[in-house]
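Undergrad: I have a structure here, written as structure tokens, and I will follow up with some questions on it.
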Amino acid sequence: MALTIGGPESFLPAGPAAPMLQLSIEPSFLRSRENVMSAFKSPLKIARRIRQMRRAARVARQMAVFGAAVSVGVGATAYALRRHRTIDLLDRVVVITGGSRGLGLALAEECARRGAKVAICARDPEELEIARRQVRYKFAGEVLADVCDVTRTKDVESFLDAVLSRFGQIDVLINNAGVISVGPAESQTLADYEEAMNTMYWGVVYPTLSALPHMKKRGGGRIANIASIGGKIAVPHLLPYTAAKFATVGFSEGLRSELLKDGIRVTTVCPGLMRTGSHLNAHFKGQHRREFGWFSFGATMPLVSIDVRRAARKIIAAIRAGDAELVITPQAKVAAHLHGLFPGLTTDVLGVVNRLLPKAGWDRAERHVGRESHSWLTKSFLQHMGERAAREWNQNGDSTVETGKLESRWQGDVSA
């Protein structure tokens with residue numbers, strides 16, 4: 001089709017050259033027209049783009065403000081709810097299993113410091129009496145100490161009956177009793193697994209089931225199950241211990257879901273390493289001196305472990321608030337998060353760590369407590385904090401010490 005350039009057609013050449021001229025003029029004209037149109041459109045596009053960017057920025061600001069408001073509102077609501085459900089321990093009755101030494105004794109002292117009536121149990125009557133006098137001397141509170149093996153239902157029921165007979169109620173139950181067997185899997189026997197499960201799983205289930213009817217009847221209560229970071233990550237050379245703690249975590253978390261409707265809040269506590277002095281009473285198998293060496297340093301060094309008194313304060317605060325879970329120490333928190341995100345990786349890394357730990361010994365059944373497994377290194381000044389914790393938290397087994405000497409040990413520590 002021929003294109004008229006504006007003006008009479010007579011201006012266009014006639015004859016055979018006319019189509020050629022038209023064909024040569026048409027593309028250049030179209031390009032110039034497009035250039036002119038694009039010159040008009042470019043400012044329009046830029047203006048439209050600017051309006052779009054301003055609109056997007058305005059929406060982003062609105063969303064940021066809305067998100068901040070929601071975050072503040074959720075945080076304030078959570079804080080208010082936590083404050084609302086937080087209970088005061090004054091004149092409350094707190095029952096602690098495994099309360100004669102270590103963390104259990106520290107928890108008993110923290111509860112007594114807050115004005116609670118405390119009931120503790122353990123298997124050793126002499127250790128129990130020392131613990132009772134220690135708490136009584138420091139805080140002048142009411143303390144019931146009764147011999148009880150938490151692996152036996154009759155013992156548990158008898159102990160809780162004694163608590164109800166003495167105090168008339170149970171407000172808080174802390175399942176803390178535990179045993180530790182350290183050594184490679186080749187050195188652990190069926191008896192080690194049975195002992196761990198009986199103490200740290202059934203020893204949690206029995207007191208809980210015994211106390212629940214009373215708590216439900218009263219319309220509320222608190223239960224805390226002391227598990228371990230070993231109940232979230234399987235640590236090498238602690239297989240019976242971690243297996244039992246995994247079972248405890250599962251029971252505790254499921255129990256919380258089912259008891260919220262009854263006004264009973266269950267807290268799962270997963271501490272990392274604590275300076276309790278318990279390494280002296282743990283059992284070591286295989287090359288027991290070398291096993292005690294690495295374990296005792298982890299349980300006593302200040303940058304690796306936490307002071308048990310601080311741990312007890314955190315635990316009691318979580319129980320009072322009815323928190324679902326408490327993981328203690330930054331290292332334990334990081335390890336738990338990493339294992340949750342990369343379980344295969346953390347397991348393989350622990351497999352490398354396991355290669356660095358001592359090999360199995362000749363006698364699988366033989367085991368020694370920590371105080372029988374010292375070496376020149378574990379008796380050095382590096383173990384000073386661990387030895388101090390053992391003396392303070394009744395781990396040395398010095399049950400024949402006279403009362404006057406015991407009181408001199410506690411002098412200056414009344415404000416613990």
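Order determines the names: the first chain of the structure tokens is A, the second B, and so forth; residues in each chain are numbered 1 upward, and ligands are numbered 1 upward as they are shown.
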Quick one: pick out all strand (DSSP E) residues within stretch 265-305 of chain A from a backbone DSSP run and write them as a list in words.
TA: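 Selection result, strand (DSSP E) within stretch 265-305 of chain A: Arg265, Val266, Thr267, Thr268, Val269, Cys270, Pro271, Met274, Arg275, His283, Phe284 and Lys285 of chain A.
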Undergrad: With N, CA and C atoms retained, write the just-selected residues as a PDB file, in the first residue's frame.
TA:
```pdb
ATOM      1  N   ARG A 265      -0.250 -27.440  84.928  1.00  0.00           N
ATOM      2  CA  ARG A 265       0.765 -27.094  83.937  1.00  0.00           C
ATOM      3  C   ARG A 265       2.032 -27.914  84.182  1.00  0.00           C
ATOM      4  N   VAL A 266       2.491 -28.547  83.120  1.00  0.00           N
ATOM      5  CA  VAL A 266       3.674 -29.412  83.182  1.00  0.00           C
ATOM      6  C   VAL A 266       4.826 -28.704  82.482  1.00  0.00           C
ATOM      7  N   THR A 267       5.959 -28.640  83.145  1.00  0.00           N
ATOM      8  CA  THR A 267       7.158 -28.005  82.596  1.00  0.00           C
ATOM      9  C   THR A 267       8.231 -29.055  82.364  1.00  0.00           C
ATOM     10  N   THR A 268       8.742 -29.091  81.142  1.00  0.00           N
ATOM     11  CA  THR A 268       9.846 -29.998  80.806  1.00  0.00           C
ATOM     12  C   THR A 268      11.149 -29.222  80.904  1.00  0.00           C
ATOM     13  N   VAL A 269      12.036 -29.662  81.765  1.00  0.00           N
ATOM     14  CA  VAL A 269      13.302 -28.963  82.007  1.00  0.00           C
ATOM     15  C   VAL A 269      14.445 -29.773  81.395  1.00  0.00           C
ATOM     16  N   CYS A 270      15.205 -29.132  80.519  1.00  0.00           N
ATOM     17  CA  CYS A 270      16.328 -29.795  79.849  1.00  0.00           C
ATOM     18  C   CYS A 270      17.612 -29.006  80.102  1.00  0.00           C
ATOM     19  N   PRO A 271      18.251 -29.232  81.234  1.00  0.00           N
ATOM     20  CA  PRO A 271      19.488 -28.486  81.533  1.00  0.00           C
ATOM     21  C   PRO A 271      20.668 -29.026  80.734  1.00  0.00           C
ATOM     22  N   MET A 274      25.740 -28.815  84.608  1.00  0.00           N
ATOM     23  CA  MET A 274      25.619 -28.002  85.820  1.00  0.00           C
ATOM     24  C   MET A 274      26.683 -28.423  86.823  1.00  0.00           C
ATOM     25  N   ARG A 275      27.145 -27.454  87.603  1.00  0.00           N
ATOM     26  CA  ARG A 275      28.129 -27.750  88.641  1.00  0.00           C
ATOM     27  C   ARG A 275      27.384 -28.163  89.913  1.00  0.00           C
ATOM     28  N   HIS A 283      28.381 -43.250  87.787  1.00  0.00           N
ATOM     29  CA  HIS A 283      29.063 -44.526  87.569  1.00  0.00           C
ATOM     30  C   HIS A 283      29.823 -44.477  86.246  1.00  0.00           C
ATOM     31  N   PHE A 284      31.033 -45.014  86.269  1.00  0.00           N
ATOM     32  CA  PHE A 284      31.895 -44.989  85.090  1.00  0.00           C
ATOM     33  C   PHE A 284      32.326 -46.407  84.744  1.00  0.00           C
ATOM     34  N   LYS A 285      32.254 -46.728  83.458  1.00  0.00           N
ATOM     35  CA  LYS A 285      32.549 -48.077  82.994  1.00  0.00           C
ATOM     36  C   LYS A 285      33.595 -48.012  81.887  1.00  0.00           C
TER      37      LYS A 285
END
```
Undergrad: Write out as a PDB file with C-alpha atoms, in the first residue's frame which residues come within 12 Å of A:Thr208 when counting only C-alpha atoms, dropping same-chain ones fewer than 6 positions away.
TA:
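File result-v1.pdb, as written:
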```
ATOM      1  CA  VAL A  95       7.518 -32.156  96.613  1.00  0.00           C
ATOM      2  CA  ILE A  96      10.983 -32.949  95.228  1.00  0.00           C
ATOM      3  CA  THR A  97      12.193 -36.452  94.425  1.00  0.00           C
ATOM      4  CA  VAL A 150      10.919 -43.854  93.242  1.00  0.00           C
ATOM      5  CA  THR A 153       5.104 -47.665  93.482  1.00  0.00           C
ATOM      6  CA  VAL A 156       6.027 -43.481  96.204  1.00  0.00           C
ATOM      7  CA  GLU A 157       2.467 -43.799  97.452  1.00  0.00           C
ATOM      8  CA  LEU A 160       2.987 -38.845  99.087  1.00  0.00           C
ATOM      9  CA  ILE A 170       0.530 -30.903  97.079  1.00  0.00           C
ATOM     10  CA  VAL A 172       4.115 -28.554  93.036  1.00  0.00           C
ATOM     11  CA  LEU A 173       5.738 -31.880  92.126  1.00  0.00           C
ATOM     12  CA  ILE A 174       9.326 -31.843  90.852  1.00  0.00           C
ATOM     13  CA  ASN A 175      10.518 -35.185  89.490  1.00  0.00           C
ATOM     14  CA  ASN A 176      14.276 -34.923  89.806  1.00  0.00           C
ATOM     15  CA  TYR A 201      11.265 -42.790  83.436  1.00  0.00           C
ATOM     16  CA  TRP A 202       9.192 -44.904  85.807  1.00  0.00           C
ATOM     17  CA  HIS A 214      -5.119 -34.907  94.302  1.00  0.00           C
ATOM     18  CA  MET A 215      -4.180 -32.073  91.909  1.00  0.00           C
ATOM     19  CA  LYS A 216      -7.236 -32.654  89.727  1.00  0.00           C
ATOM     20  CA  GLY A 221      -1.069 -27.678  90.238  1.00  0.00           C
ATOM     21  CA  ARG A 222       2.404 -27.661  88.774  1.00  0.00           C
ATOM     22  CA  ILE A 223       4.526 -30.606  87.660  1.00  0.00           C
ATOM     23  CA  ALA A 224       8.138 -30.258  86.558  1.00  0.00           C
ATOM     24  CA  ASN A 225      10.090 -33.131  85.043  1.00  0.00           C
ATOM     25  CA  THR A 248      10.948 -38.523  80.032  1.00  0.00           C
ATOM     26  CA  PHE A 251       6.013 -38.303  78.571  1.00  0.00           C
ATOM     27  CA  SER A 252       6.333 -34.762  79.908  1.00  0.00           C
ATOM     28  CA  LEU A 255       1.279 -34.922  79.681  1.00  0.00           C
ATOM     29  CA  ARG A 256       1.212 -31.133  79.401  1.00  0.00           C
ATOM     30  CA  LEU A 259      -3.553 -31.724  81.620  1.00  0.00           C
ATOM     31  CA  ILE A 264      -2.306 -28.405  85.704  1.00  0.00           C
ATOM     32  CA  VAL A 266       3.674 -29.412  83.182  1.00  0.00           C
TER      33      VAL A 266
END
```
Undergrad: Out of A:Ala106, A:Val182, A:Val143, A:Leu341, which residue has the shortest atom-to-atom distance to A:Ile316 when counting only C-alpha atoms?
TA: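 Ranking A:Ala106, A:Val182, A:Val143, A:Leu341 by distance to A:Ile316, first place goes to A:Ala106.
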Undergrad: As a PyMOL selection string, which residues of stretch 281-324 of chain A does DSSP assign to helix (DSSP H, G or I)?
TA: chain A and resi 288-300+308-321
Undergrad: Could the residues in this selection be saved with C-alpha atoms as a PDB file, in the first residue's frame?
TA:
```pdb
ATOM      1  CA  HIS A 288      36.757 -45.533  84.077  1.00  0.00           C
ATOM      2  CA  ARG A 289      39.555 -43.094  84.960  1.00  0.00           C
ATOM      3  CA  ARG A 290      39.651 -41.674  81.448  1.00  0.00           C
ATOM      4  CA  GLU A 291      35.860 -41.583  81.275  1.00  0.00           C
ATOM      5  CA  PHE A 292      35.759 -39.723  84.579  1.00  0.00           C
ATOM      6  CA  GLY A 293      38.401 -37.304  83.276  1.00  0.00           C
ATOM      7  CA  TRP A 294      36.451 -35.941  80.311  1.00  0.00           C
ATOM      8  CA  PHE A 295      33.094 -36.063  82.098  1.00  0.00           C
ATOM      9  CA  SER A 296      34.289 -34.299  85.259  1.00  0.00           C
ATOM     10  CA  PHE A 297      35.890 -31.447  83.332  1.00  0.00           C
ATOM     11  CA  GLY A 298      32.687 -30.861  81.402  1.00  0.00           C
ATOM     12  CA  ALA A 299      30.667 -30.886  84.634  1.00  0.00           C
ATOM     13  CA  THR A 300      32.908 -28.456  86.540  1.00  0.00           C
ATOM     14  CA  VAL A 308      23.541 -25.124  90.133  1.00  0.00           C
ATOM     15  CA  ARG A 309      22.106 -22.311  92.232  1.00  0.00           C
ATOM     16  CA  ARG A 310      21.522 -20.223  89.114  1.00  0.00           C
ATOM     17  CA  ALA A 311      20.004 -23.242  87.395  1.00  0.00           C
ATOM     18  CA  ALA A 312      17.665 -23.802  90.351  1.00  0.00           C
ATOM     19  CA  ARG A 313      16.462 -20.192  90.193  1.00  0.00           C
ATOM     20  CA  LYS A 314      15.704 -20.520  86.485  1.00  0.00           C
ATOM     21  CA  ILE A 315      13.854 -23.800  87.018  1.00  0.00           C
ATOM     22  CA  ILE A 316      11.702 -22.480  89.858  1.00  0.00           C
ATOM     23  CA  ALA A 317      10.881 -19.358  87.823  1.00  0.00           C
ATOM     24  CA  ALA A 318       9.744 -21.519  84.895  1.00  0.00           C
ATOM     25  CA  ILE A 319       7.643 -23.709  87.187  1.00  0.00           C
ATOM     26  CA  ARG A 320       5.983 -20.716  88.832  1.00  0.00           C
ATOM     27  CA  ALA A 321       5.129 -19.289  85.397  1.00  0.00           C
TER      28      ALA A 321
END
```
Undergrad: To one decimal place, how far is atom CA of A:Met301 from atom CA of A:Ser100 in Å?
TA: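 Calculated distance between atom CA of A:Met301 and atom CA of A:Ser100 is 23.4 Å.
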Undergrad: Could you pull the residues within 10 Å of A:Asp149, counting only C-alpha atoms, minus those fewer than 2 positions along the same chain, as an MDAnalysis selection string?
TA: chainID A and resid 97:98 121:124 146:147 151:156 159 177 199 203
Undergrad: Save the residues we just selected, N, CA and C atoms, as a PDB file, in the first residue's frame?
TA:
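File again_10.pdb, as written:
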```
ATOM      1  N   THR A  97      11.545 -35.138  94.355  1.00  0.00           N
ATOM      2  CA  THR A  97      12.193 -36.452  94.425  1.00  0.00           C
ATOM      3  C   THR A  97      13.686 -36.288  94.150  1.00  0.00           C
ATOM      4  N   GLY A  98      14.490 -37.160  94.749  1.00  0.00           N
ATOM      5  CA  GLY A  98      15.937 -37.005  94.611  1.00  0.00           C
ATOM      6  C   GLY A  98      16.416 -35.698  95.198  1.00  0.00           C
ATOM      7  N   CYS A 121      12.594 -36.478  99.116  1.00  0.00           N
ATOM      8  CA  CYS A 121      12.781 -37.921  99.327  1.00  0.00           C
ATOM      9  C   CYS A 121      14.026 -38.387  98.589  1.00  0.00           C
ATOM     10  N   ALA A 122      14.592 -39.474  99.061  1.00  0.00           N
ATOM     11  CA  ALA A 122      15.745 -40.125  98.446  1.00  0.00           C
ATOM     12  C   ALA A 122      15.879 -41.501  99.081  1.00  0.00           C
ATOM     13  N   ARG A 123      16.860 -42.276  98.630  1.00  0.00           N
ATOM     14  CA  ARG A 123      17.009 -43.646  99.156  1.00  0.00           C
ATOM     15  C   ARG A 123      17.904 -43.720 100.382  1.00  0.00           C
ATOM     16  N   ASP A 124      18.810 -42.756 100.542  1.00  0.00           N
ATOM     17  CA  ASP A 124      19.772 -42.811 101.637  1.00  0.00           C
ATOM     18  C   ASP A 124      19.261 -41.971 102.806  1.00  0.00           C
ATOM     19  N   ASP A 146      11.773 -37.923 103.736  1.00  0.00           N
ATOM     20  CA  ASP A 146      11.313 -39.293 103.898  1.00  0.00           C
ATOM     21  C   ASP A 146      12.054 -40.202 102.927  1.00  0.00           C
ATOM     22  N   VAL A 147      12.423 -41.388 103.391  1.00  0.00           N
ATOM     23  CA  VAL A 147      13.109 -42.362 102.545  1.00  0.00           C
ATOM     24  C   VAL A 147      12.114 -42.917 101.531  1.00  0.00           C
ATOM     25  N   THR A 151      11.489 -45.987  92.189  1.00  0.00           N
ATOM     26  CA  THR A 151      11.248 -47.079  91.250  1.00  0.00           C
ATOM     27  C   THR A 151      10.217 -48.069  91.794  1.00  0.00           C
ATOM     28  N   ARG A 152       9.738 -47.830  93.003  1.00  0.00           N
ATOM     29  CA  ARG A 152       8.744 -48.712  93.621  1.00  0.00           C
ATOM     30  C   ARG A 152       7.473 -47.924  93.893  1.00  0.00           C
ATOM     31  N   THR A 153       6.366 -48.403  93.340  1.00  0.00           N
ATOM     32  CA  THR A 153       5.104 -47.665  93.482  1.00  0.00           C
ATOM     33  C   THR A 153       4.663 -47.565  94.941  1.00  0.00           C
ATOM     34  N   LYS A 154       4.884 -48.615  95.720  1.00  0.00           N
ATOM     35  CA  LYS A 154       4.457 -48.577  97.123  1.00  0.00           C
ATOM     36  C   LYS A 154       5.221 -47.517  97.897  1.00  0.00           C
ATOM     37  N   ASP A 155       6.525 -47.403  97.646  1.00  0.00           N
ATOM     38  CA  ASP A 155       7.317 -46.364  98.305  1.00  0.00           C
ATOM     39  C   ASP A 155       6.801 -44.974  97.941  1.00  0.00           C
ATOM     40  N   VAL A 156       6.499 -44.792  96.667  1.00  0.00           N
ATOM     41  CA  VAL A 156       6.027 -43.481  96.204  1.00  0.00           C
ATOM     42  C   VAL A 156       4.698 -43.130  96.853  1.00  0.00           C
ATOM     43  N   PHE A 159       5.183 -42.224 100.479  1.00  0.00           N
ATOM     44  CA  PHE A 159       5.791 -40.902 100.639  1.00  0.00           C
ATOM     45  C   PHE A 159       4.763 -39.794 100.422  1.00  0.00           C
ATOM     46  N   ALA A 177      14.769 -37.213  90.529  1.00  0.00           N
ATOM     47  CA  ALA A 177      15.665 -38.351  90.802  1.00  0.00           C
ATOM     48  C   ALA A 177      16.324 -38.847  89.513  1.00  0.00           C
ATOM     49  N   THR A 199      14.618 -45.535  87.073  1.00  0.00           N
ATOM     50  CA  THR A 199      14.799 -44.324  87.889  1.00  0.00           C
ATOM     51  C   THR A 199      14.288 -43.077  87.196  1.00  0.00           C
ATOM     52  N   GLY A 203      10.441 -43.606  87.455  1.00  0.00           N
ATOM     53  CA  GLY A 203      10.574 -42.748  88.626  1.00  0.00           C
ATOM     54  C   GLY A 203       9.962 -41.374  88.427  1.00  0.00           C
TER      55      GLY A 203
END
```
Undergrad: What is the atom CA of A:Glu372-atom CA of A:Thr242 distance in Å, reported with one decimal?
TA: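 Atom CA of A:Thr242 lies at a distance of 23.6 Å from atom CA of A:Glu372.
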Undergrad: Please indicate the distance in Å from atom CA of A:Ile180 to atom CA of A:Tyr241, rounded to one decimal place.
TA: 6.0 Å
Undergrad: Using only C-alpha atoms, which of A:Pro236, A:Ala227, A:Gly361, A:Arg388 sits nearest A:Glu325?
TA: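 Of all the options, A:Ala227 lies closest to A:Glu325.
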